[in-house]
file upload_7.json (JSON, C-alpha atoms and all ligand atoms)
[["chain", "number", "residue", "atom", "x", "y", "z"],
["A", 1, "MET", "CA", -19.20, -2.31, -28.08],
["A", 2, "LYS", "CA", -21.62, 0.03, -26.31],
["A", 3, "VAL", "CA", -20.21, 3.18, -24.70],
["A", 4, "TYR", "CA", -21.90, 4.89, -21.76],
["A", 5, "VAL", "CA", -22.28, 8.66, -22.14],
["A", 6, "ASN", "CA", -24.33, 10.55, -19.55],
["A", 7, "GLY", "CA", -26.64, 7.68, -18.67],
["A", 8, "LYS", "CA", -27.21, 6.36, -22.19],
["A", 9, "LEU", "CA", -25.47, 3.62, -24.14],
["A", 10, "TYR", "CA", -24.28, 4.37, -27.66],
["A", 11, "SER", "CA", -22.60, 2.40, -30.42],
["A", 12, "GLU", "CA", -18.88, 3.17, -30.81],
["A", 13, "ARG", "CA", -19.52, 5.44, -33.81],
["A", 14, "ASP", "CA", -22.30, 7.37, -32.07],
["A", 15, "ALA", "CA", -20.46, 7.89, -28.76],
["A", 16, "LYS", "CA", -19.37, 11.51, -29.12],
["A", 17, "ILE", "CA", -18.30, 14.56, -27.12],
["A", 18, "SER", "CA", -18.34, 18.21, -28.21],
["A", 19, "VAL", "CA", -15.19, 19.90, -29.54],
["A", 20, "PHE", "CA", -16.02, 22.68, -27.05],
["A", 21, "ASP", "CA", -15.67, 20.33, -24.07],
["A", 22, "HIS", "CA", -12.98, 21.64, -21.71],
["A", 23, "GLY", "CA", -11.77, 18.05, -21.34],
["A", 24, "LEU", "CA", -10.48, 18.40, -24.89],
["A", 25, "LEU", "CA", -9.67, 22.12, -24.92],
["A", 26, "TYR", "CA", -7.74, 22.14, -21.61],
["A", 27, "GLY", "CA", -7.39, 18.56, -20.38],
["A", 28, "ASP", "CA", -9.86, 19.67, -17.72],
["A", 29, "GLY", "CA", -11.30, 16.48, -16.28],
["A", 30, "VAL", "CA", -10.45, 13.32, -14.39],
["A", 31, "PHE", "CA", -10.38, 9.60, -15.12],
["A", 32, "GLU", "CA", -9.84, 6.09, -13.83],
["A", 33, "GLY", "CA", -8.62, 2.84, -15.42],
["A", 34, "ILE", "CA", -10.21, -0.24, -13.90],
["A", 35, "ARG", "CA", -9.83, -3.97, -14.62],
["A", 36, "VAL", "CA", -12.47, -6.66, -14.91],
["A", 37, "TYR", "CA", -11.37, -10.20, -14.07],
["A", 38, "ASN", "CA", -13.71, -13.20, -14.38],
["A", 39, "ARG", "CA", -16.84, -11.02, -14.61],
["A", 40, "ARG", "CA", -15.90, -9.04, -11.52],
["A", 41, "VAL", "CA", -14.84, -5.41, -11.35],
["A", 42, "PHE", "CA", -11.61, -5.29, -9.37],
["A", 43, "MET", "CA", -11.33, -2.67, -6.58],
["A", 44, "LEU", "CA", -14.34, -0.77, -7.95],
["A", 45, "ARG", "CA", -15.01, 1.08, -4.68],
["A", 46, "GLU", "CA", -11.38, 2.22, -4.40],
["A", 47, "HIS", "CA", -11.30, 3.49, -8.00],
["A", 48, "ILE", "CA", -14.54, 5.40, -7.57],
["A", 49, "GLU", "CA", -13.32, 6.95, -4.33],
["A", 50, "ARG", "CA", -10.13, 8.10, -6.07],
["A", 51, "LEU", "CA", -12.15, 9.50, -8.99],
["A", 52, "TYR", "CA", -14.21, 11.61, -6.61],
["A", 53, "ARG", "CA", -11.07, 12.74, -4.75],
["A", 54, "SER", "CA", -9.49, 13.82, -8.07],
["A", 55, "ALA", "CA", -12.72, 15.65, -8.99],
["A", 56, "ARG", "CA", -12.88, 17.38, -5.60],
["A", 57, "ALA", "CA", -9.29, 18.57, -6.01],
["A", 58, "ILE", "CA", -10.13, 20.33, -9.31],
["A", 59, "ALA", "CA", -13.49, 21.67, -8.01],
["A", 60, "LEU", "CA", -15.44, 19.43, -10.38],
["A", 61, "GLU", "CA", -18.79, 18.36, -8.99],
["A", 62, "ILE", "CA", -19.75, 14.97, -10.41],
["A", 63, "PRO", "CA", -23.53, 15.10, -10.90],
["A", 64, "MET", "CA", -24.18, 11.61, -9.56],
["A", 65, "SER", "CA", -23.52, 9.69, -6.36],
["A", 66, "ARG", "CA", -20.70, 7.19, -5.90],
["A", 67, "GLU", "CA", -23.30, 4.41, -5.79],
["A", 68, "GLU", "CA", -24.87, 5.55, -9.06],
["A", 69, "MET", "CA", -21.40, 5.71, -10.60],
["A", 70, "ALA", "CA", -20.61, 2.16, -9.45],
["A", 71, "ASP", "CA", -23.96, 0.97, -10.87],
["A", 72, "ALA", "CA", -23.22, 2.70, -14.18],
["A", 73, "VAL", "CA", -19.84, 0.93, -14.44],
["A", 74, "VAL", "CA", -21.39, -2.47, -13.67],
["A", 75, "ARG", "CA", -24.25, -1.85, -16.10],
["A", 76, "THR", "CA", -21.84, -0.92, -18.90],
["A", 77, "CYS", "CA", -19.89, -4.14, -18.30],
["A", 78, "ARG", "CA", -23.10, -6.18, -18.24],
["A", 79, "VAL", "CA", -24.37, -4.73, -21.53],
["A", 80, "ASN", "CA", -20.99, -5.43, -23.13],
["A", 81, "LYS", "CA", -20.72, -8.90, -21.54],
["A", 82, "THR", "CA", -17.27, -7.91, -20.30],
["A", 83, "ALA", "CA", -15.69, -10.98, -18.70],
["A", 84, "ASN", "CA", -12.09, -9.76, -18.72],
["A", 85, "GLY", "CA", -11.30, -6.24, -19.72],
["A", 86, "TYR", "CA", -10.33, -2.71, -19.05],
["A", 87, "ILE", "CA", -12.75, 0.07, -18.11],
["A", 88, "ARG", "CA", -11.95, 3.70, -18.82],
["A", 89, "LEU", "CA", -14.09, 5.97, -16.67],
["A", 90, "VAL", "CA", -13.85, 9.63, -17.68],
["A", 91, "VAL", "CA", -15.48, 12.77, -16.29],
["A", 92, "THR", "CA", -14.87, 15.93, -18.32],
["A", 93, "ARG", "CA", -15.62, 19.52, -17.29],
["A", 94, "GLY", "CA", -18.18, 19.70, -20.10],
["A", 95, "VAL", "CA", -18.97, 22.21, -22.83],
["A", 96, "GLY", "CA", -17.85, 25.77, -22.20],
["A", 97, "THR", "CA", -16.53, 28.83, -23.99],
["A", 98, "LEU", "CA", -13.05, 29.32, -25.49],
["A", 99, "GLY", "CA", -11.68, 30.55, -22.19],
["A", 100, "LEU", "CA", -10.23, 28.86, -19.14],
["A", 101, "ASN", "CA", -13.09, 29.59, -16.74],
["A", 102, "PRO", "CA", -14.39, 26.15, -15.76],
["A", 103, "PHE", "CA", -17.49, 27.55, -14.08],
["A", 104, "VAL", "CA", -19.17, 28.38, -17.37],
["A", 105, "CYS", "CA", -19.27, 24.60, -18.01],
["A", 106, "LYS", "CA", -22.63, 23.55, -16.61],
["A", 107, "GLN", "CA", -22.73, 19.84, -17.44],
["A", 108, "PRO", "CA", -19.82, 17.47, -16.78],
["A", 109, "GLN", "CA", -19.73, 14.61, -19.27],
["A", 110, "ILE", "CA", -19.53, 11.09, -17.90],
["A", 111, "ILE", "CA", -18.07, 8.46, -20.20],
["A", 112, "ILE", "CA", -17.58, 4.75, -19.51],
["A", 113, "ILE", "CA", -15.78, 2.56, -22.02],
["A", 114, "ALA", "CA", -15.54, -1.18, -21.32],
["A", 115, "ALA", "CA", -12.79, -2.38, -23.65],
["A", 116, "THR", "CA", -10.33, -5.20, -23.90],
["A", 117, "ILE", "CA", -6.88, -4.38, -22.65],
["A", 118, "GLN", "CA", -3.63, -4.29, -24.56],
["A", 119, "LEU", "CA", -1.57, -6.34, -22.13],
["A", 120, "TYR", "CA", 2.17, -6.08, -21.73],
["A", 121, "PRO", "CA", 3.81, -8.88, -23.74],
["A", 122, "GLU", "CA", 4.37, -12.11, -21.79],
["A", 123, "GLU", "CA", 8.11, -11.63, -22.37],
["A", 124, "TYR", "CA", 8.18, -8.65, -19.97],
["A", 125, "TYR", "CA", 7.02, -10.92, -17.13],
["A", 126, "GLU", "CA", 9.32, -13.81, -18.05],
["A", 127, "LYS", "CA", 12.49, -11.79, -18.62],
["A", 128, "GLY", "CA", 11.76, -8.54, -16.80],
["A", 129, "LEU", "CA", 11.93, -4.97, -18.07],
["A", 130, "SER", "CA", 14.93, -2.89, -18.92],
["A", 131, "ILE", "CA", 14.08, 0.74, -18.18],
["A", 132, "VAL", "CA", 15.73, 4.15, -17.71],
["A", 133, "THR", "CA", 15.38, 7.27, -15.58],
["A", 134, "VAL", "CA", 14.45, 10.27, -17.72],
["A", 135, "PRO", "CA", 15.08, 14.04, -17.67],
["A", 136, "THR", "CA", 11.43, 15.13, -17.40],
["A", 137, "VAL", "CA", 10.73, 15.74, -13.72],
["A", 138, "ARG", "CA", 7.46, 14.52, -12.21],
["A", 139, "ASN", "CA", 4.91, 17.28, -11.64],
["A", 140, "LEU", "CA", 5.37, 19.12, -8.34],
["A", 141, "ALA", "CA", 2.59, 18.40, -5.87],
["A", 142, "GLU", "CA", 2.48, 22.14, -5.21],
["A", 143, "ALA", "CA", 1.74, 22.76, -8.91],
["A", 144, "LEU", "CA", -0.32, 19.82, -10.16],
["A", 145, "ASN", "CA", -0.57, 17.08, -7.56],
["A", 146, "PRO", "CA", 0.22, 13.67, -9.09],
["A", 147, "ASN", "CA", -2.62, 12.27, -6.97],
["A", 148, "ILE", "CA", -5.03, 14.06, -9.30],
["A", 149, "LYS", "CA", -5.63, 11.54, -12.08],
["A", 150, "SER", "CA", -6.41, 14.30, -14.56],
["A", 151, "LEU", "CA", -6.99, 14.24, -18.31],
["A", 152, "ASN", "CA", -3.70, 16.08, -18.75],
["A", 153, "TYR", "CA", -1.06, 13.36, -18.88],
["A", 154, "LEU", "CA", 1.55, 15.38, -20.80],
["A", 155, "ASN", "CA", 4.06, 15.18, -17.93],
["A", 156, "ASN", "CA", 3.92, 11.38, -18.17],
["A", 157, "ILE", "CA", 3.76, 11.38, -21.98],
["A", 158, "LEU", "CA", 6.95, 13.46, -22.22],
["A", 159, "ALA", "CA", 8.69, 10.94, -19.96],
["A", 160, "LYS", "CA", 7.30, 8.06, -22.04],
["A", 161, "ILE", "CA", 8.70, 9.68, -25.21],
["A", 162, "GLU", "CA", 12.13, 9.88, -23.56],
["A", 163, "ALA", "CA", 11.96, 6.19, -22.60],
["A", 164, "ILE", "CA", 10.96, 5.11, -26.10],
["A", 165, "ASN", "CA", 13.70, 7.32, -27.60],
["A", 166, "ALA", "CA", 16.13, 5.45, -25.34],
["A", 167, "GLY", "CA", 14.84, 2.14, -26.74],
["A", 168, "VAL", "CA", 12.98, 0.95, -23.61],
["A", 169, "PRO", "CA", 9.24, 0.67, -22.93],
["A", 170, "GLU", "CA", 8.98, 2.54, -19.63],
["A", 171, "ALA", "CA", 10.54, 5.48, -17.76],
["A", 172, "ILE", "CA", 11.29, 6.15, -14.13],
["A", 173, "MET", "CA", 10.49, 9.73, -13.24],
["A", 174, "LEU", "CA", 12.28, 11.60, -10.46],
["A", 175, "ASN", "CA", 10.80, 14.48, -8.49],
["A", 176, "ALA", "CA", 12.23, 18.01, -8.39],
["A", 177, "ASP", "CA", 14.58, 16.93, -5.55],
["A", 178, "GLY", "CA", 16.01, 14.16, -7.73],
["A", 179, "LEU", "CA", 14.33, 11.45, -5.68],
["A", 180, "VAL", "CA", 12.53, 8.50, -7.25],
["A", 181, "ALA", "CA", 8.84, 9.14, -7.88],
["A", 182, "GLU", "CA", 7.20, 6.60, -10.20],
["A", 183, "ALA", "CA", 6.96, 5.25, -13.73],
["A", 184, "THR", "CA", 4.70, 6.95, -16.32],
["A", 185, "GLY", "CA", 1.69, 4.76, -15.52],
["A", 186, "ASP", "CA", 2.95, 2.55, -12.73],
["A", 187, "ASN", "CA", 4.32, 2.79, -9.20],
["A", 188, "ILE", "CA", 7.79, 1.48, -8.37],
["A", 189, "PHE", "CA", 8.97, -0.85, -5.60],
["A", 190, "THR", "CA", 12.32, -2.16, -4.40],
["A", 191, "VAL", "CA", 13.08, -5.35, -2.50],
["A", 192, "LYS", "CA", 16.14, -5.48, -0.25],
["A", 193, "GLY", "CA", 16.41, -8.49, 2.02],
["A", 194, "ARG", "CA", 13.00, -8.96, 3.64],
["A", 195, "THR", "CA", 12.02, -5.30, 3.08],
["A", 196, "VAL", "CA", 9.64, -4.21, 0.35],
["A", 197, "ALA", "CA", 9.74, -0.43, -0.17],
["A", 198, "THR", "CA", 8.04, 2.19, -2.34],
["A", 199, "PRO", "CA", 8.25, 5.99, -2.42],
["A", 200, "PRO", "CA", 5.76, 7.74, -0.09],
["A", 201, "PRO", "CA", 2.97, 10.00, -1.38],
["A", 202, "GLN", "CA", 5.14, 13.02, -0.48],
["A", 203, "ALA", "CA", 7.65, 11.91, -3.12],
["A", 204, "GLY", "CA", 5.06, 13.11, -5.65],
["A", 205, "VAL", "CA", 3.34, 9.96, -6.88],
["A", 206, "LEU", "CA", -0.13, 8.78, -7.71],
["A", 207, "GLU", "CA", -1.14, 6.54, -4.83],
["A", 208, "GLY", "CA", -1.86, 3.54, -7.01],
["A", 209, "ILE", "CA", -4.58, 1.10, -6.10],
["A", 210, "THR", "CA", -2.39, -1.79, -7.25],
["A", 211, "ARG", "CA", 0.41, -0.29, -5.12],
["A", 212, "ASN", "CA", -1.78, -0.36, -2.03],
["A", 213, "VAL", "CA", -3.01, -3.90, -2.74],
["A", 214, "VAL", "CA", 0.57, -5.12, -3.24],
["A", 215, "MET", "CA", 1.74, -3.43, -0.01],
["A", 216, "GLY", "CA", -1.02, -5.36, 1.79],
["A", 217, "LEU", "CA", -0.05, -8.64, 0.12],
["A", 218, "ALA", "CA", 3.63, -8.14, 1.00],
["A", 219, "LEU", "CA", 2.74, -7.47, 4.62],
["A", 220, "LYS", "CA", 0.56, -10.58, 4.75],
["A", 221, "SER", "CA", 3.41, -12.62, 3.27],
["A", 222, "GLY", "CA", 5.64, -11.55, 6.17],
["A", 223, "TYR", "CA", 7.77, -8.89, 4.50],
["A", 224, "GLU", "CA", 8.53, -5.61, 6.14],
["A", 225, "VAL", "CA", 6.78, -2.94, 4.09],
["A", 226, "ARG", "CA", 8.02, 0.64, 4.05],
["A", 227, "GLU", "CA", 7.20, 3.88, 2.32],
["A", 228, "GLN", "CA", 10.53, 5.62, 1.95],
["A", 229, "MET", "CA", 12.28, 8.22, -0.14],
["A", 230, "MET", "CA", 14.76, 6.65, -2.55],
["A", 231, "THR", "CA", 17.56, 7.79, -4.80],
["A", 232, "ARG", "CA", 18.69, 6.21, -8.05],
["A", 233, "TYR", "CA", 21.50, 4.62, -6.01],
["A", 234, "ASP", "CA", 18.88, 2.74, -3.97],
["A", 235, "LEU", "CA", 17.31, 1.40, -7.17],
["A", 236, "TYR", "CA", 20.66, 0.29, -8.64],
["A", 237, "ASN", "CA", 21.54, -1.52, -5.41],
["A", 238, "ALA", "CA", 18.20, -3.19, -4.70],
["A", 239, "ASP", "CA", 17.92, -6.99, -4.81],
["A", 240, "GLU", "CA", 14.77, -6.66, -6.89],
["A", 241, "VAL", "CA", 12.73, -3.88, -8.50],
["A", 242, "PHE", "CA", 9.18, -4.13, -9.82],
["A", 243, "LEU", "CA", 6.38, -1.89, -11.10],
["A", 244, "THR", "CA", 2.69, -2.04, -10.18],
["A", 245, "GLY", "CA", -0.34, -0.71, -11.98],
["A", 246, "THR", "CA", -3.81, -1.53, -13.18],
["A", 247, "ALA", "CA", -2.58, -2.40, -16.67],
["A", 248, "ALA", "CA", 0.78, -3.99, -15.75],
["A", 249, "GLU", "CA", -0.31, -5.66, -12.47],
["A", 250, "VAL", "CA", 3.13, -6.63, -11.04],
["A", 251, "VAL", "CA", 5.99, -6.56, -13.56],
["A", 252, "PRO", "CA", 9.67, -7.24, -12.80],
["A", 253, "VAL", "CA", 12.43, -4.75, -13.67],
["A", 254, "VAL", "CA", 15.86, -6.28, -14.29],
["A", 255, "GLU", "CA", 17.88, -3.35, -15.65],
["A", 256, "ILE", "CA", 17.84, 0.40, -14.88],
["A", 257, "ASP", "CA", 20.12, 2.89, -16.69],
["A", 258, "ARG", "CA", 22.26, -0.06, -17.87],
["A", 259, "ARG", "CA", 22.82, -1.30, -14.31],
["A", 260, "ARG", "CA", 21.77, -4.88, -13.78],
["A", 261, "ILE", "CA", 19.36, -5.26, -10.86],
["A", 262, "GLY", "CA", 20.17, -8.23, -8.60],
["A", 263, "ASP", "CA", 21.16, -11.15, -10.81],
["A", 264, "GLY", "CA", 19.42, -9.64, -13.84],
["A", 265, "ARG", "CA", 16.45, -11.96, -13.66],
["A", 266, "PRO", "CA", 12.96, -11.51, -12.17],
["A", 267, "GLY", "CA", 13.32, -11.91, -8.40],
["A", 268, "LYS", "CA", 11.70, -14.43, -6.07],
["A", 269, "VAL", "CA", 9.78, -11.85, -4.04],
["A", 270, "THR", "CA", 8.49, -10.15, -7.20],
["A", 271, "GLN", "CA", 7.32, -13.47, -8.60],
["A", 272, "HIS", "CA", 5.63, -14.37, -5.32],
["A", 273, "LEU", "CA", 3.76, -11.03, -5.27],
["A", 274, "GLU", "CA", 2.85, -11.46, -8.96],
["A", 275, "ARG", "CA", 1.16, -14.78, -8.12],
["A", 276, "GLN", "CA", -0.52, -13.45, -4.99],
["A", 277, "PHE", "CA", -1.88, -10.52, -6.95],
["A", 278, "LYS", "CA", -3.28, -12.75, -9.72],
["A", 279, "GLN", "CA", -4.99, -14.96, -7.13],
["A", 280, "LEU", "CA", -6.61, -11.99, -5.40],
["A", 281, "ALA", "CA", -7.69, -10.44, -8.71],
["A", 282, "ALA", "CA", -9.27, -13.72, -9.83],
["A", 283, "ALA", "CA", -11.20, -14.12, -6.59],
["A", 284, "THR", "CA", -12.49, -10.68, -5.63],
["A", 285, "GLY", "CA", -14.43, -7.76, -7.08],
["A", 286, "VAL", "CA", -17.97, -6.53, -7.72],
["A", 287, "PRO", "CA", -19.89, -9.04, -9.89],
["A", 288, "VAL", "CA", -21.03, -7.88, -13.33],
["A", 289, "ARG", "CA", -23.74, -10.63, -13.24],
["A", 301, "LIG", "N1", 1.15, 6.16, -11.47],
["A", 301, "LIG", "C1", 0.55, 6.78, -12.51],
["A", 301, "LIG", "C2", 1.08, 8.08, -12.97],
["A", 301, "LIG", "C3", -0.56, 6.19, -13.12],
["A", 301, "LIG", "O1", -1.16, 6.80, -14.14],
["A", 301, "LIG", "C4", -0.35, 4.33, -11.59],
["A", 301, "LIG", "C5", 0.72, 4.98, -11.01],
["A", 301, "LIG", "C6", -0.81, 3.03, -11.01],
["A", 301, "LIG", "O2", -2.05, 3.22, -10.34],
["A", 301, "LIG", "P1", -3.13, 2.05, -10.25],
["A", 301, "LIG", "O3", -4.21, 2.63, -9.44],
["A", 301, "LIG", "O4", -3.55, 1.71, -11.65],
["A", 301, "LIG", "O5", -2.46, 0.92, -9.58],
["A", 301, "LIG", "C7", -1.02, 4.94, -12.67],
["A", 301, "LIG", "C8", -2.19, 4.27, -13.30],
["A", 301, "LIG", "C9", -3.01, 3.29, -19.33],
["A", 301, "LIG", "C10", -3.30, 3.10, -17.88],
["A", 301, "LIG", "O6", -3.94, 3.14, -20.14],
["A", 301, "LIG", "C11", -2.60, 3.85, -16.95],
["A", 301, "LIG", "C12", -2.89, 3.70, -15.60],
["A", 301, "LIG", "C13", -3.84, 2.80, -15.20],
["A", 301, "LIG", "C14", -4.53, 2.06, -16.15],
["A", 301, "LIG", "C15", -4.25, 2.20, -17.51],
["A", 301, "LIG", "O7", -1.87, 3.57, -19.68],
["A", 301, "LIG", "N2", -2.18, 4.45, -14.72]]
call {"tool": "encode", "arguments": {"input": "upload_7.json", "output": "structure tokens"}}
result
Amino acid sequence: MKVYVNGKLYSERDAKISVFDHGLLYGDGVFEGIRVYNRRVFMLREHIERLYRSARAIALEIPMSREEMADAVVRTCRVNKTANGYIRLVVTRGVGTLGLNPFVCKQPQIIIIAATIQLYPEEYYEKGLSIVTVPTVRNLAEALNPNIKSLNYLNNILAKIEAINAGVPEAIMLNADGLVAEATGDNIFTVKGRTVATPPPQAGVLEGITRNVVMGLALKSGYEVREQMMTRYDLYNADEVFLTGTAAEVVPVVEIDRRRIGDGRPGKVTQHLERQFKQLAAATGVPVR
């Protein structure tokens, strides 16, 4: 595997970053996770736009244009002959001193890794997930906006630890008002009748690209689509619940906090959206050539 670092491609063992990089010292940087399906980079434009929005929010100037960044991603996939995979695009603050001041860091580091993805086991899709809500509250937008896909994922990692301690693979995080926010690396949806709903950005969530694609697919399939605040009660009483994300795609949830959701099996609407998503992913994207 060849790893892109600042315009050059290195072998895995030679792809290195300084221990003085503020990405490591402070989690000061931003990233994206992107999928490649059938030699096409899925939603590349949207991921790059979000990367630059995250960077803007932390006053990190990425020293290349969006077009150059897109070309770099495609080039890295081409060199690695990535047909189906997972791209990790990382921009760190760069090398600085042992102090917080980001402005002493003169050269952001740009890293592109085109890897294969560790998929969720097939069983999760067939049987659905059992998950729990956890005590760790999602970051306040007023403190560290969840829309910033930063290199500091400790908020999510703490929630993930609580889920694993409870014997389940994923956590639902609530915001400081006790309303449903999202899972640790996925957005959450409910289905009730013909209505497909997900918490709004103001609930304190990362506006997932898969989330937005799935909202579009649901609308096109004739469902009413709503962004609305939800409580745990709304989750427990939904007909169906599912998660969306770049890694998970669309995955059914059949149990939350030991309450069975619907009939305890993956729902019809979820399965329909799962199929629609797979079809779209297989048929669109920027060619790797
Ligand atoms: N919420 C959070 C907190 C995320 O980190 C999503 C929602 C879903 O967003 P997208 O744009 O992917 O639909 C994410 C995305 C990983 C991994 O390696 C995590 C994400 C994406 C890809 C890989 O765990 N998180």
call {"tool": "closest_atom_pairs", "arguments": {"input": "upload_7.json", "of": "chain A", "to": "ligand LIG 301 (chain A)", "cutoff": "10 Å", "atoms": "all atoms listed in the file", "output": "CSV"}}
result
residue,atom,partner,partner_atom,distance
A:Phe31,CA,A:LIG301,C13,9.4
A:Glu32,CA,A:LIG301,C13,7.0
A:Gly33,CA,A:LIG301,C14,4.2
A:Ile34,CA,A:LIG301,C14,6.5
A:Arg35,CA,A:LIG301,C14,8.2
A:Met43,CA,A:LIG301,O3,9.3
A:Glu46,CA,A:LIG301,O3,8.8
A:His47,CA,A:LIG301,O3,7.3
A:Arg50,CA,A:LIG301,O3,8.7
A:Tyr86,CA,A:LIG301,C15,8.0
A:Ile87,CA,A:LIG301,C14,8.7
A:Arg88,CA,A:LIG301,C15,8.0
A:Ile117,CA,A:LIG301,O6,8.5
A:Gln118,CA,A:LIG301,O6,8.7
A:Leu119,CA,A:LIG301,O6,10.0
A:Arg138,CA,A:LIG301,C2,9.1
A:Pro146,CA,A:LIG301,C2,6.9
A:Asn147,CA,A:LIG301,C2,8.2
A:Ile148,CA,A:LIG301,C2,9.3
A:Lys149,CA,A:LIG301,O1,6.8
A:Ser150,CA,A:LIG301,O1,9.2
A:Tyr153,CA,A:LIG301,O1,8.1
A:Asn155,CA,A:LIG301,C2,9.2
A:Asn156,CA,A:LIG301,C2,6.8
A:Ile157,CA,A:LIG301,O7,9.9
A:Met173,CA,A:LIG301,C2,9.6
A:Ala181,CA,A:LIG301,N1,9.0
A:Glu182,CA,A:LIG301,N1,6.2
A:Ala183,CA,A:LIG301,N1,6.3
A:Thr184,CA,A:LIG301,C2,5.1
A:Gly185,CA,A:LIG301,C3,3.6
A:Asp186,CA,A:LIG301,C5,3.7
A:Asn187,CA,A:LIG301,C5,4.6
A:Ile188,CA,A:LIG301,C5,8.3
A:Gly204,CA,A:LIG301,C2,9.7
A:Val205,CA,A:LIG301,N1,6.3
A:Leu206,CA,A:LIG301,N1,4.8
A:Glu207,CA,A:LIG301,O2,6.5
A:Gly208,CA,A:LIG301,O2,3.4
A:Ile209,CA,A:LIG301,O3,3.7
A:Thr210,CA,A:LIG301,O5,3.6
A:Arg211,CA,A:LIG301,O5,5.4
A:Asn212,CA,A:LIG301,O5,7.7
A:Val213,CA,A:LIG301,O5,8.4
A:Val214,CA,A:LIG301,O5,9.3
A:Leu243,CA,A:LIG301,C6,8.7
A:Thr244,CA,A:LIG301,O5,6.0
A:Gly245,CA,A:LIG301,O5,3.6
A:Thr246,CA,A:LIG301,O4,3.6
A:Ala247,CA,A:LIG301,C14,4.9
A:Ala248,CA,A:LIG301,C14,8.1
A:Glu249,CA,A:LIG301,O5,7.5
A:Val250,CA,A:LIG301,O5,9.5
call {"tool": "write_last_selection", "arguments": {"input": "upload_7.json", "atoms": "C-alpha atoms", "output": "compact mmCIF listing (two decimals), in the frame of the given file"}}
result
# COMPACT_ATOMS: atom_id res chain seq x y z
CA PHE A 31 -10.38 9.60 -15.12
CA GLU A 32 -9.84 6.09 -13.83
CA GLY A 33 -8.62 2.84 -15.42
CA ILE A 34 -10.21 -0.24 -13.90
CA ARG A 35 -9.83 -3.97 -14.62
CA MET A 43 -11.33 -2.67 -6.58
CA GLU A 46 -11.38 2.22 -4.40
CA HIS A 47 -11.30 3.49 -8.00
CA ARG A 50 -10.13 8.10 -6.07
CA TYR A 86 -10.33 -2.71 -19.05
CA ILE A 87 -12.75 0.07 -18.11
CA ARG A 88 -11.95 3.70 -18.82
CA ILE A 117 -6.88 -4.38 -22.65
CA GLN A 118 -3.63 -4.29 -24.56
CA LEU A 119 -1.57 -6.34 -22.13
CA ARG A 138 7.46 14.52 -12.21
CA PRO A 146 0.22 13.67 -9.09
CA ASN A 147 -2.62 12.27 -6.97
CA ILE A 148 -5.03 14.06 -9.30
CA LYS A 149 -5.63 11.54 -12.08
CA SER A 150 -6.41 14.30 -14.56
CA TYR A 153 -1.06 13.36 -18.88
CA ASN A 155 4.06 15.18 -17.93
CA ASN A 156 3.92 11.38 -18.17
CA ILE A 157 3.76 11.38 -21.98
CA MET A 173 10.49 9.73 -13.24
CA ALA A 181 8.84 9.14 -7.88
CA GLU A 182 7.20 6.60 -10.20
CA ALA A 183 6.96 5.25 -13.73
CA THR A 184 4.70 6.95 -16.32
CA GLY A 185 1.69 4.76 -15.52
CA ASP A 186 2.95 2.55 -12.73
CA ASN A 187 4.32 2.79 -9.20
CA ILE A 188 7.79 1.48 -8.37
CA GLY A 204 5.06 13.11 -5.65
CA VAL A 205 3.34 9.96 -6.88
CA LEU A 206 -0.13 8.78 -7.71
CA GLU A 207 -1.14 6.54 -4.83
CA GLY A 208 -1.86 3.54 -7.01
CA ILE A 209 -4.58 1.10 -6.10
CA THR A 210 -2.39 -1.79 -7.25
CA ARG A 211 0.41 -0.29 -5.12
CA ASN A 212 -1.78 -0.36 -2.03
CA VAL A 213 -3.01 -3.90 -2.74
CA VAL A 214 0.57 -5.12 -3.24
CA LEU A 243 6.38 -1.89 -11.10
CA THR A 244 2.69 -2.04 -10.18
CA GLY A 245 -0.34 -0.71 -11.98
CA THR A 246 -3.81 -1.53 -13.18
CA ALA A 247 -2.58 -2.40 -16.67
CA ALA A 248 0.78 -3.99 -15.75
CA GLU A 249 -0.31 -5.66 -12.47
CA VAL A 250 3.13 -6.63 -11.04
call {"tool": "closest_residue", "arguments": {"input": "upload_7.json", "among": "A:Pro121, A:Pro266, A:Gly23, A:Gly178", "to": "Pro102 in chain A", "atoms": "all atoms listed in the file"}}
result
A:Gly23
call {"tool": "closest_atom_pairs", "arguments": {"input": "upload_7.json", "of": "range 7-93 of chain A", "to": "range 268-281 of chain A", "cutoff": "12 Å", "atoms": "all atoms listed in the file", "output": "Markdown table"}}
result
| residue | atom | partner | partner_atom | distance |
| --- | --- | --- | --- | --- |
| A:Ile34 | CA | A:Ala281 | CA | 11.7 |
| A:Arg35 | CA | A:Ala281 | CA | 9.0 |
| A:Val36 | CA | A:Ala281 | CA | 8.7 |
| A:Tyr37 | CA | A:Ala281 | CA | 6.5 |
| A:Asn38 | CA | A:Ala281 | CA | 8.7 |
| A:Arg39 | CA | A:Ala281 | CA | 10.9 |
| A:Arg40 | CA | A:Ala281 | CA | 8.8 |
| A:Val41 | CA | A:Ala281 | CA | 9.1 |
| A:Phe42 | CA | A:Ala281 | CA | 6.5 |
| A:Met43 | CA | A:Ala281 | CA | 8.8 |
| A:Leu44 | CA | A:Ala281 | CA | 11.8 |
| A:Asn84 | CA | A:Ala281 | CA | 11.0 |
call {"tool": "atom_distance", "arguments": {"input": "upload_7.json", "atom1": "CA of Met1 in chain A", "atom2": "CA of Leu89 in chain A"}}
result
15.0 Å
call {"tool": "closest_residue", "arguments": {"input": "upload_7.json", "among": "A:Leu219, A:Ala163, A:Ile17, A:Val134", "to": "Pro108 in chain A", "atoms": "all atoms listed in the file"}}
result
A:Ile17
call {"tool": "residues_near_point", "arguments": {"input": "upload_7.json", "point": "(-17.7, 23.6, -11.5)", "cutoff": "8 Å", "atoms": "all atoms listed in the file", "output": "compact mmCIF listing (two decimals) with C-alpha atoms, in the coordinates of the input"}}
result
# COMPACT_ATOMS: atom_id res chain seq x y z
CA ALA A 59 -13.49 21.67 -8.01
CA LEU A 60 -15.44 19.43 -10.38
CA GLU A 61 -18.79 18.36 -8.99
CA ARG A 93 -15.62 19.52 -17.29
CA PRO A 102 -14.39 26.15 -15.76
CA PHE A 103 -17.49 27.55 -14.08
CA VAL A 104 -19.17 28.38 -17.37
CA CYS A 105 -19.27 24.60 -18.01
CA LYS A 106 -22.63 23.55 -16.61
